[in-house]
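Quick look at coords_22.cif (mmCIF, C-alpha atoms):
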data_start
loop_
_atom_site.label_atom_id
_atom_site.label_comp_id
_atom_site.auth_asym_id
_atom_site.auth_seq_id
_atom_site.Cartn_x
_atom_site.Cartn_y
_atom_site.Cartn_z
CA MET A 18 275.09 160.56 62.71
CA ARG A 19 272.69 160.82 59.85
CA ARG A 20 273.65 160.21 56.24
CA PHE A 21 273.67 163.95 55.50
CA SER A 22 276.33 164.62 58.14
CA TRP A 23 278.38 161.58 57.16
CA VAL A 24 278.61 162.68 53.56
CA ASN A 25 279.60 166.19 54.64
CA LEU A 26 282.30 164.80 56.90
CA LEU A 27 283.63 162.57 54.11
CA LEU A 28 283.75 165.56 51.74
CA LEU A 29 285.82 167.50 54.30
CA LEU A 30 288.12 164.54 54.91
CA ALA A 31 288.71 164.13 51.18
CA VAL A 32 289.69 167.80 50.90
CA LEU A 33 292.07 167.45 53.86
CA LEU A 34 293.55 164.27 52.40
CA LEU A 35 294.21 165.95 49.05
CA ALA A 36 296.17 168.67 50.86
CA VAL A 37 297.98 166.44 53.35
CA VAL A 38 299.14 163.65 51.01
CA PRO A 39 301.63 165.80 49.06
CA LEU A 40 303.06 167.04 52.37
CA ALA A 41 303.14 163.65 54.07
CA PHE A 42 304.90 162.01 51.15
CA GLY A 43 307.37 164.87 50.91
CA LEU A 44 306.58 165.62 47.29
CA GLY A 45 307.95 169.14 47.60
CA SER A 46 310.42 169.96 44.86
CA GLY A 47 312.87 172.69 43.97
CA GLU A 48 314.84 174.99 46.24
CA GLU A 49 311.77 175.95 48.22
CA PRO A 50 309.38 172.99 48.39
CA PHE A 51 305.74 173.88 47.79
CA SER A 52 306.44 177.39 46.60
CA GLY A 53 303.51 179.06 44.87
CA ALA A 54 302.79 178.30 41.22
CA ASP A 55 302.34 182.04 40.61
CA ALA A 56 305.89 182.70 41.85
CA LEU A 57 307.25 179.79 39.77
CA ALA A 58 305.68 181.26 36.64
CA GLU A 59 307.24 184.63 37.46
CA GLN A 60 310.61 182.90 37.91
CA ALA A 61 310.23 181.10 34.57
CA ILE A 62 309.67 184.45 32.86
CA VAL A 63 312.74 185.95 34.53
CA ASP A 64 314.86 182.92 33.55
CA ASP A 65 313.83 182.78 29.89
CA HIS A 66 313.49 186.50 29.24
CA PRO A 67 316.33 188.07 31.21
CA ASP A 68 315.89 191.34 29.34
CA TYR A 69 312.25 191.77 30.33
CA GLN A 70 311.80 194.59 32.82
CA PRO A 71 308.56 194.66 34.81
CA TRP A 72 307.29 198.12 33.96
CA PHE A 73 305.07 198.58 36.97
CA SER A 74 305.69 197.68 40.59
CA PRO A 75 303.22 197.12 43.42
CA ILE A 76 302.04 200.32 45.07
CA TYR A 77 302.16 198.64 48.44
CA GLU A 78 304.07 195.53 49.36
CA PRO A 79 303.83 193.81 52.75
CA PRO A 80 307.21 194.55 54.36
CA SER A 81 307.85 190.96 55.44
CA ALA A 82 306.71 187.42 54.70
CA GLU A 83 305.07 187.38 58.13
CA LEU A 84 302.93 190.40 57.34
CA GLU A 85 302.09 189.01 53.94
CA SER A 86 300.80 185.83 55.54
CA ALA A 87 298.95 188.00 58.05
CA PHE A 88 297.09 189.68 55.18
CA PHE A 89 296.29 186.31 53.65
CA ALA A 90 295.02 185.12 57.02
CA LEU A 91 292.92 188.27 57.29
CA GLN A 92 291.44 187.62 53.88
CA ALA A 93 290.58 184.01 54.74
CA ALA A 94 289.22 185.04 58.14
CA LEU A 95 286.96 187.75 56.69
CA GLY A 96 285.64 185.33 54.08
CA ALA A 97 285.14 182.45 56.49
CA GLY A 98 283.66 184.80 59.11
CA LEU A 99 281.04 186.18 56.77
CA LEU A 100 280.25 182.68 55.49
CA GLY A 101 279.82 181.46 59.07
CA TYR A 102 277.60 184.44 59.88
CA TYR A 103 275.48 183.62 56.86
CA PHE A 104 274.98 180.02 57.91
CA GLY A 105 274.15 181.10 61.46
CA VAL A 106 271.47 183.49 60.25
CA ALA A 107 270.11 181.09 57.61
CA ARG A 108 269.91 178.20 60.05
CA THR A 109 268.09 180.26 62.66
CA ARG A 110 265.61 181.52 60.07
CA GLN A 111 264.99 177.99 58.83
CA ARG A 112 264.32 176.81 62.39
CA GLN A 113 261.89 179.65 62.99
CA ARG A 114 260.08 178.81 59.75
CA ASP A 115 259.92 175.16 60.76
CA ALA A 116 258.54 176.14 64.18
CA VAL A 117 255.86 178.33 62.59
CA ASP A 118 254.94 175.52 60.19
CA ARG A 119 254.60 173.09 63.08
CA GLN A 120 252.36 175.48 65.05
CA ARG A 121 250.09 175.90 62.09
CA GLY A 122 250.14 172.13 61.81
CA MET B 12 296.62 182.35 38.38
CA HIS B 13 297.77 185.77 39.53
CA ILE B 14 299.98 187.31 36.90
CA ALA B 15 302.37 189.46 38.93
CA GLU B 16 302.42 193.25 38.77
CA GLY B 17 304.20 194.46 35.66
CA TYR B 18 304.59 190.98 34.20
CA LEU B 19 302.59 191.60 31.05
CA PRO B 20 303.83 193.94 28.33
CA PRO B 21 301.90 197.24 28.54
CA GLU B 22 299.95 196.75 25.29
CA GLN B 23 298.79 193.27 26.35
CA ALA B 24 297.92 194.42 29.85
CA ALA B 25 295.82 197.19 28.28
CA ALA B 26 294.21 194.76 25.84
CA TRP B 27 293.03 192.53 28.71
CA PHE B 28 291.49 195.57 30.40
CA VAL B 29 289.60 196.32 27.20
CA VAL B 30 288.41 192.71 26.98
CA SER B 31 287.36 192.51 30.64
CA ALA B 32 285.78 195.93 31.07
CA PRO B 33 282.46 195.21 29.29
CA PHE B 34 281.98 192.06 31.37
CA VAL B 35 282.56 193.98 34.61
CA VAL B 36 280.25 196.83 33.58
CA HIS B 37 277.55 194.38 32.54
CA GLY B 38 278.18 192.43 35.75
CA SER B 39 277.76 195.52 37.93
CA ARG B 40 274.38 196.16 36.32
CA ALA B 41 273.41 192.51 36.80
CA LEU B 42 274.45 192.77 40.44
CA VAL B 43 272.32 195.87 41.05
CA ARG B 44 269.38 194.27 39.25
CA GLN B 45 269.75 191.09 41.30
CA VAL B 46 269.73 193.01 44.59
CA ARG B 47 266.72 195.13 43.57
CA ALA B 48 264.69 192.27 42.15
CA ASP B 49 265.39 189.93 45.02
CA PRO B 50 266.49 191.81 48.18
CA ASP B 51 266.16 188.60 50.21
CA SER B 52 269.08 187.11 48.33
CA LYS B 53 271.47 189.87 49.43
CA LEU B 54 272.89 187.88 52.33
CA LEU B 55 273.42 184.82 50.15
CA LEU B 56 275.14 187.03 47.60
CA GLY B 57 277.47 188.18 50.37
CA ALA B 58 278.09 184.56 51.31
CA ALA B 59 279.01 183.68 47.72
CA GLY B 60 281.45 186.60 47.70
CA ALA B 61 282.83 185.51 51.06
CA PHE B 62 283.40 182.01 49.68
CA THR B 63 285.61 183.34 46.86
CA PHE B 64 287.33 185.67 49.28
CA ALA B 65 288.22 182.85 51.68
CA LEU B 66 289.11 180.19 49.11
CA SER B 67 291.36 182.36 46.98
CA ALA B 68 293.45 183.12 50.08
CA LEU B 69 294.16 179.45 50.75
CA LYS B 70 297.46 178.21 49.36
CA ILE B 71 297.24 174.45 49.20
CA PRO B 72 300.13 172.07 48.50
CA SER B 73 299.77 169.89 45.43
CA VAL B 74 301.24 166.66 44.10
CA THR B 75 303.62 168.52 41.81
CA GLY B 76 305.60 169.81 44.79
CA SER B 77 304.40 173.37 44.41
CA SER B 78 301.29 174.98 45.80
CA SER B 79 298.44 176.98 44.42
CA HIS B 80 295.03 178.21 45.45
CA PRO B 81 291.39 177.56 44.54
CA THR B 82 289.30 180.35 43.02
CA GLY B 83 285.94 179.80 44.71
CA THR B 84 284.02 181.44 41.88
CA GLY B 85 281.97 178.35 40.95
CA LEU B 86 279.49 178.75 43.81
CA GLY B 87 278.47 182.28 42.93
CA ALA B 88 278.39 181.50 39.21
CA VAL B 89 275.93 178.67 39.79
CA LEU B 90 273.81 180.61 42.30
CA PHE B 91 273.76 184.07 40.72
CA ARG B 92 275.08 183.49 37.18
CA PRO B 93 278.49 184.48 35.86
CA PRO B 94 278.05 188.25 35.32
CA VAL B 95 277.68 188.83 39.07
CA MET B 96 280.95 186.97 39.67
CA SER B 97 282.87 189.29 37.36
CA VAL B 98 282.28 191.95 40.02
CA LEU B 99 282.75 189.78 43.13
CA GLY B 100 285.86 188.11 41.70
CA GLY B 101 287.15 191.50 40.60
CA ILE B 102 286.84 192.84 44.15
CA VAL B 103 288.84 189.89 45.48
CA LEU B 104 291.58 190.44 42.89
CA LEU B 105 291.66 194.17 43.64
CA PHE B 106 292.04 193.50 47.38
CA GLN B 107 294.93 191.13 46.70
CA ALA B 108 296.59 193.52 44.26
CA LEU B 109 296.37 196.49 46.66
CA LEU B 110 297.20 194.90 50.01
CA LEU B 111 299.07 191.70 49.25
CA ALA B 112 301.14 192.63 46.20
CA HIS B 113 299.58 189.45 44.82
CA GLY B 114 298.60 189.88 41.20
CA GLY B 115 298.66 193.55 40.36
CA LEU B 116 296.87 196.65 39.13
CA SER B 117 298.55 196.54 35.72
CA THR B 118 297.59 192.87 35.32
CA LEU B 119 294.15 193.26 36.91
CA GLY B 120 292.39 193.14 33.53
CA ALA B 121 294.09 189.86 32.62
CA ASN B 122 293.51 188.32 36.05
CA ILE B 123 289.85 189.38 36.07
CA PHE B 124 289.46 187.77 32.66
CA SER B 125 290.75 184.41 33.90
CA MET B 126 289.31 184.24 37.42
CA ALA B 127 286.22 186.43 37.31
CA ILE B 128 285.01 185.92 33.74
CA VAL B 129 286.15 182.68 32.07
CA GLY B 130 286.16 180.62 35.29
CA PRO B 131 282.56 181.53 36.23
CA TRP B 132 281.28 181.08 32.67
CA VAL B 133 282.88 177.65 32.34
CA ALA B 134 281.48 176.79 35.77
CA TYR B 135 277.99 177.88 34.79
CA GLY B 136 278.21 176.09 31.43
CA SER B 137 279.38 172.86 33.09
CA TYR B 138 276.60 173.11 35.67
CA THR B 139 273.95 173.62 32.99
CA MET B 140 275.24 170.75 30.85
CA VAL B 141 275.32 168.27 33.72
CA ARG B 142 271.81 169.27 34.82
CA ARG B 143 270.44 169.04 31.29
CA ALA B 144 272.00 165.61 30.92
CA GLY B 145 269.97 164.60 33.96
CA GLY B 146 272.77 164.86 36.53
CA GLY B 147 271.96 165.69 40.14
CA LEU B 148 272.72 168.93 41.94
CA GLY B 149 275.84 167.52 43.61
CA PRO B 150 277.62 166.27 40.47
CA ALA B 151 276.64 169.43 38.58
CA VAL B 152 278.06 171.70 41.30
CA PHE B 153 281.22 169.61 41.50
CA ALA B 154 281.75 169.82 37.74
CA ALA B 155 281.08 173.55 37.82
CA ALA B 156 283.57 174.39 40.56
CA ALA B 157 286.29 172.00 39.42
CA LEU B 158 286.16 172.82 35.71
CA GLY B 159 285.78 176.55 36.40
CA SER B 160 288.94 176.42 38.49
CA LEU B 161 290.88 174.53 35.80
CA ALA B 162 289.64 176.89 33.10
CA THR B 163 290.83 179.90 35.10
CA TYR B 164 294.34 178.48 35.25
CA GLY B 165 294.16 177.47 31.59
CA VAL B 166 293.51 181.09 30.66
CA THR B 167 296.45 182.25 32.78
CA VAL B 168 298.70 179.78 30.95
CA ALA B 169 297.52 181.09 27.57
CA GLN B 170 297.94 184.72 28.66
CA LEU B 171 301.50 184.12 29.83
CA ALA B 172 302.39 182.08 26.73
CA LEU B 173 301.15 184.88 24.47
CA ALA B 174 303.14 187.46 26.41
CA PHE B 175 306.29 185.40 26.82
CA PRO B 176 306.78 182.98 23.91
CA ASP B 177 309.65 180.59 24.49
CA PRO B 178 312.86 181.98 22.92
CA VAL B 179 313.34 178.68 21.06
CA SER B 180 309.98 176.96 20.68
CA GLY B 181 307.67 179.98 20.55
CA VAL B 182 304.15 180.24 21.93
CA GLY B 183 303.63 176.46 21.75
CA GLY B 184 306.68 175.80 23.90
CA ALA B 185 305.62 178.51 26.33
CA LEU B 186 302.14 176.93 26.58
CA ALA B 187 303.78 173.64 27.56
CA LYS B 188 306.10 175.38 30.02
CA PHE B 189 303.48 177.45 31.83
CA GLY B 190 301.02 174.57 31.53
CA GLY B 191 303.55 172.41 33.35
CA ILE B 192 303.70 174.94 36.16
CA PHE B 193 299.96 175.45 36.58
CA ALA B 194 297.89 172.67 35.03
CA VAL B 195 298.88 169.50 36.88
CA THR B 196 299.27 171.45 40.14
CA GLN B 197 295.71 172.64 39.82
CA ILE B 198 294.07 169.24 39.23
CA PRO B 199 293.97 168.11 42.89
CA LEU B 200 293.07 171.67 43.90
CA ALA B 201 290.21 171.73 41.42
CA ILE B 202 288.94 168.49 42.95
CA SER B 203 289.22 170.02 46.44
CA GLU B 204 287.42 173.11 45.26
CA GLY B 205 284.68 170.99 43.70
CA LEU B 206 284.21 169.00 46.92
CA LEU B 207 284.15 172.12 49.10
CA THR B 208 281.60 173.81 46.85
CA VAL B 209 279.42 170.69 46.94
CA LEU B 210 279.67 170.77 50.74
CA VAL B 211 278.53 174.40 50.88
CA VAL B 212 275.63 173.74 48.49
CA ARG B 213 274.58 170.74 50.59
CA LEU B 214 274.51 172.93 53.68
CA LEU B 215 272.63 175.62 51.74
CA SER B 216 270.02 173.07 50.66
CA ARG B 217 269.32 172.55 54.37
CA THR B 218 269.37 176.15 55.57
CA SER B 219 268.32 178.11 52.51
CA GLY B 220 265.99 175.89 50.52
CA ASP B 221 263.71 178.81 49.66
CA ASP B 222 266.61 180.83 48.23
CA LEU B 223 267.85 177.86 46.18
CA ARG B 224 264.37 177.25 44.83
CA ARG B 225 264.00 180.89 43.88
CA LEU B 226 267.40 180.84 42.18
CA GLY B 227 266.43 177.68 40.30
CA LEU B 228 268.91 175.25 41.89
CA LEU B 229 266.24 173.20 43.59
CA ARG B 230 262.93 172.30 42.03
CA PRO B 231 259.82 173.73 43.71
CA ALA B 232 258.98 170.31 45.11
CA ALA B 233 261.56 169.86 47.84
CA GLU B 234 264.63 168.20 46.38
CA VAL B 235 266.43 167.77 49.64
CA ARG B 236 269.51 165.76 48.77
CA ALA B 237 272.35 167.51 47.04
#
Could you spell out this file's structure in structure tokens?
Amino acid sequence: MRRFSWVNLLLLLAVLLLAVVPLAFGLGSGEEPFSGADALAEQAIVDDHPDYQPWFSPIYEPPSAELESAFFALQAALGAGLLGYYFGVARTRQRQRDAVDRQRG
Amino acid sequence: MHIAEGYLPPEQAAAWFVVSAPFVVHGSRALVRQVRADPDSKLLLGAAGAFTFALSALKIPSVTGSSSHPTGTGLGAVLFRPPVMSVLGGIVLLFQALLLAHGGLSTLGANIFSMAIVGPWVAYGSYTMVRRAGGGLGPAVFAAAALGSLATYGVTVAQLALAFPDPVSGVGGALAKFGGIFAVTQIPLAISEGLLTVLVVRLLSRTSGDDLRRLGLLRPAAEVRA
């Protein structure tokens, strides 16, 4: 593999490592390990300001945790799909340009 | 960084809308201008939006034992400048508020301010400073994405502290409390986000050199390595 690919692979591995280490070492804390920071902040507000009433509630709420994660998966899939499409198109275009350049010499 | 629906007092929620609105209006104009002036960059613009869309859906565990998500706004901020990201980031936040009950419509102004305005501007500022100091494309993009992500969460902490001062220690205590929830958690995520953004820019430098040169990321003479 060329240097370019090696560096890319190392970047990906580093990202994976950063995500896996907390899991592998069981760093999860609290009642529900690795719960979302957004939810923790909400909980902190509820704990310290018991009289605060949220004055607006979500118009639509996924009926279950499964469906919520389905929506998150959909979001990630749409994003990753479009990104992948982009790189497919861009790579093909670049190859065609390279081919034209070579023909012209 | 998503402040939940209804979790800002009405006046503060409204104030954040007022603060964010001009940025989004200006950003929409910038977006239209960008597409008109440079139609070839439309697909790349979509890719930058897709990057935010995908990354902000990823909950990643962190060393603090909780989890959080990247913002993905650094890439677009560096490629297309921050105003464009106020729109793209806003769309992501709107999607999450409407379908996922994540964030909210009442807190949309505040969340747009942190993720779609301050994050991208800090990202762009960091990128420019590193480049001016003679840093390469890779380090500049890393700094942009990582610091933009941290700044986004910093703004959320400040917004929550202003809205919910600690009953005993006031706004300062609340800053420490919400900072404890978000800041340390976000550090490894900001690093991940920086590395991922560098990876994407490296790939772009291979497939889309012409676009990057036009957008000013690469110098006209081929600067191949990111």
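In this comparison, which uses all atoms listed in the file, the residue of B:Val182, B:Leu215, B:Val74, B:Ala174 approaching Leu148 (chain B) most closely is B:Leu215.
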Practice item. Would you kindly report the residues of chain A within 8 Å of chain B, using all atoms listed in the file, as a ChimeraX atom specification? Key: /A:25,28-29,31-32,35-40,44-47,50-55,57-59,62,65-66,71-79,85,88-90,92-97,99-100,103-104,107-108,110-111
Practice item. Grab the CA of Leu104 (chain B) to CA of Asn122 (chain B) distance for me, in Å with one decimal place. Key: 7.4 Å
Check your understanding: What is the distance between CA of Val152 (chain B) and CA of Phe28 (chain B), in Å to one decimal?
Key -> 29.5 Å
Any idea what's packed within 7 Å of Val35 (chain B), counting only C-alpha atoms, ignoring anything in its chain fewer than 4 positions away? Could you give it as a short mmCIF file (atom, residue, chain, number, x, y, z; two decimals) with C-alpha atoms, keeping the file's coordinate frame?
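Written file, part.cif:
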data_model
loop_
_atom_site.label_atom_id
_atom_site.label_comp_id
_atom_site.auth_asym_id
_atom_site.auth_seq_id
_atom_site.Cartn_x
_atom_site.Cartn_y
_atom_site.Cartn_z
CA SER B 31 287.36 192.51 30.64
CA SER B 39 277.76 195.52 37.93
CA SER B 97 282.87 189.29 37.36
CA VAL B 98 282.28 191.95 40.02
#
Practice item. Please indicate the distance in Å from CA of Val195 (chain B) to CA of Ser125 (chain B), rounded to one decimal place. Key: 17.2 Å
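The shortest atom-to-atom distance to Ser160 (chain B), with all atoms listed in the file taken into account, belongs to B:Pro131 out of B:Arg225, B:Val141, B:Ala48, B:Pro131.
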Report, as lines of an AutoDock Vina configuration file, the axis-aligned box around all atoms of region 24-37 of chain B present in the file, extended by 8 Å on each side; give centre and edge lengths in Å to one decimal place.
center_x = 287.7
center_y = 194.6
center_z = 30.2
size_x = 36.4
size_y = 21.1
size_z = 24.8
